[in-house]
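Undergrad: Following this message is one structure expressed as structure tokens.
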Amino acid sequence: MFKTKLSESRAWGEFYTLKLMHRHIGAIAVLILISLLSSLSGTPDRHTISNCWEGFLWGLADPVISLDCLIGILAIGLLSSVFVRGAAIAGGFVFAAVLGIIIHLFQLNFPGTEIAIAISTIVFGTMLMIPNQPNFIILALMGVSAGLFQGYADAESIIGAGIIPIIAYILGITLTLFVVAMSAREIGTAMGMGEINRILPWKISIAGFAFCAIGIVFLSNSII
């Protein structure tokens, strides 16, 4: 009798975990769809922001329009799920991205931004393929570095914009980064990335391989 109840409890727990993971995947997909639809008024590479509403919409869209940037956000979220306090890693990434925007606004030069983003994507993908848990401090520093470069690259959209559109843009980009990174973290937690015996490790490895491949493509394009 006890074994039956225990089995039912485990089955219910697995069902709830799977359902929660699907909700977070759906949240990311919906946000990406909204971001892409909001960007129809301009082009991903060249667009201008003239008012508060455009600033907020492009803030939502910019982090997910570029595939290598989106992959970087997903990867840092998945990797942060390995640690109990991994939310600080994802939060540090988001904060660093906002700081990168401010640095660009002050016209401080960050050379090789696209190359740095592509390299960080490759490194994050490699870390997902390796079964051993990454070091917390190293991952946190890498997350901050990747966030700085990504924020710096995204800030190209708001050069010359007014103060209110800039604030709206920062709010939009912070919302997108936070939702995607934390949702990816919850997905990683649901898949058991923090456990010794991982659940569905092959899916994580495949994702890491795909992230590496995308990063290599973008790196080669940046160098060429």
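Letters A, B, ... mark the chains of the structure tokens in the order given; residue numbers begin at 1 per chain; ligand numbers begin at 1, in order shown.
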Give me the residues within 6 Å of region 121-131 of chain A as a compact mmCIF listing (two decimals) with all heavy atoms, in the first residue's frame, counting only C-alpha atoms and dropping any in the same chain fewer than 2 places off.
TA:
# COMPACT_ATOMS: atom_id res chain seq x y z
N GLY A 72 22.75 32.69 -26.10
CA GLY A 72 23.54 33.02 -24.92
C GLY A 72 22.67 33.17 -23.68
O GLY A 72 23.03 32.70 -22.59
N ALA A 75 21.45 29.68 -22.64
CA ALA A 75 22.55 28.88 -22.09
C ALA A 75 22.88 29.30 -20.66
O ALA A 75 23.06 28.44 -19.79
CB ALA A 75 23.78 29.01 -22.98
N ALA A 118 29.89 35.64 -29.82
CA ALA A 118 29.96 34.32 -30.45
C ALA A 118 30.82 33.36 -29.63
O ALA A 118 30.46 32.19 -29.44
CB ALA A 118 30.51 34.46 -31.87
N ILE A 119 31.95 33.85 -29.13
CA ILE A 119 32.84 33.01 -28.33
C ILE A 119 32.16 32.57 -27.04
O ILE A 119 32.25 31.40 -26.63
CB ILE A 119 34.16 33.75 -28.02
CG1 ILE A 119 34.99 33.92 -29.29
CG2 ILE A 119 34.97 33.00 -26.96
CD1 ILE A 119 36.25 34.74 -29.11
N SER A 205 22.85 17.70 -23.76
CA SER A 205 24.04 17.59 -24.59
C SER A 205 23.77 18.02 -26.02
O SER A 205 24.59 18.70 -26.65
CB SER A 205 24.56 16.15 -24.57
OG SER A 205 24.96 15.77 -23.27
N GLY A 208 23.54 21.74 -26.07
CA GLY A 208 24.89 22.31 -26.00
C GLY A 208 25.62 22.21 -27.32
O GLY A 208 26.29 23.17 -27.74
N PHE A 211 24.14 24.82 -29.62
CA PHE A 211 24.60 26.15 -29.23
C PHE A 211 26.01 26.39 -29.75
O PHE A 211 26.33 27.47 -30.26
CB PHE A 211 24.57 26.30 -27.71
CG PHE A 211 23.18 26.34 -27.12
CD1 PHE A 211 23.00 26.39 -25.75
CD2 PHE A 211 22.06 26.32 -27.94
CE1 PHE A 211 21.73 26.43 -25.20
CE2 PHE A 211 20.79 26.36 -27.41
CZ PHE A 211 20.62 26.41 -26.03
N CYS A 212 26.87 25.38 -29.61
CA CYS A 212 28.25 25.51 -30.10
C CYS A 212 28.27 25.73 -31.61
O CYS A 212 29.01 26.58 -32.10
CB CYS A 212 29.04 24.24 -29.76
SG CYS A 212 29.65 24.17 -28.08
N GLY A 215 27.21 29.21 -32.42
CA GLY A 215 28.28 30.14 -32.06
C GLY A 215 29.42 30.12 -33.05
O GLY A 215 29.98 31.17 -33.40
Undergrad: Find the spatial neighbours of region 101-109 of chain A, counting only C-alpha atoms, within a cut-off of 9 Å - ignore same-chain residues fewer than 2 positions away - and output them as a ChimeraX atom specification.
TA: /A:96-99,111,148-156,158-160,170
Undergrad: Fewer than 2 positions away in the same chain doesn't count, so skip those; otherwise give me all residues within 9 Å of Gly59 (chain A), counting only C-alpha atoms, as an mmCIF file with C-alpha atoms, in the first residue's frame.
TA:
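Ended up saving to result_22.cif:
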data_model
loop_
_atom_site.group_PDB
_atom_site.id
_atom_site.type_symbol
_atom_site.label_atom_id
_atom_site.label_comp_id
_atom_site.auth_asym_id
_atom_site.auth_seq_id
_atom_site.Cartn_x
_atom_site.Cartn_y
_atom_site.Cartn_z
ATOM 1 C CA SER A 35 9.245 40.471 -29.827
ATOM 2 C CA GLU A 54 9.116 52.234 -29.898
ATOM 3 C CA GLY A 55 11.796 52.193 -27.240
ATOM 4 C CA PHE A 56 9.897 49.648 -25.150
ATOM 5 C CA LEU A 57 9.012 47.434 -28.141
ATOM 6 C CA ALA A 61 12.721 42.535 -29.349
ATOM 7 C CA ASP A 62 16.462 43.215 -29.556
ATOM 8 C CA PRO A 63 17.712 40.438 -27.206
ATOM 9 C CA ASP A 154 22.006 46.014 -28.249
ATOM 10 C CA ALA A 168 11.632 52.559 -21.953
ATOM 11 C CA TYR A 169 14.141 50.573 -24.011
ATOM 12 C CA ILE A 170 16.082 49.529 -20.915
ATOM 13 C CA LEU A 171 12.846 48.442 -19.202
ATOM 14 C CA GLY A 172 11.868 46.365 -22.238
ATOM 15 C CA ILE A 173 15.249 44.704 -22.628
ATOM 16 C CA THR A 174 15.449 43.971 -18.893
ATOM 17 C CA LEU A 175 12.033 42.292 -19.020
ATOM 18 C CA THR A 176 13.004 40.087 -21.966
#
Undergrad: So which one's closest to Ile115 (chain A), A:Ile166, A:Leu177, A:Ala213, A:Ala146? Using only C-alpha atoms, please.
TA: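 Going through A:Ile166, A:Leu177, A:Ala213, A:Ala146 one by one, the smallest distance to Ile115 (chain A) is for A:Ala146.
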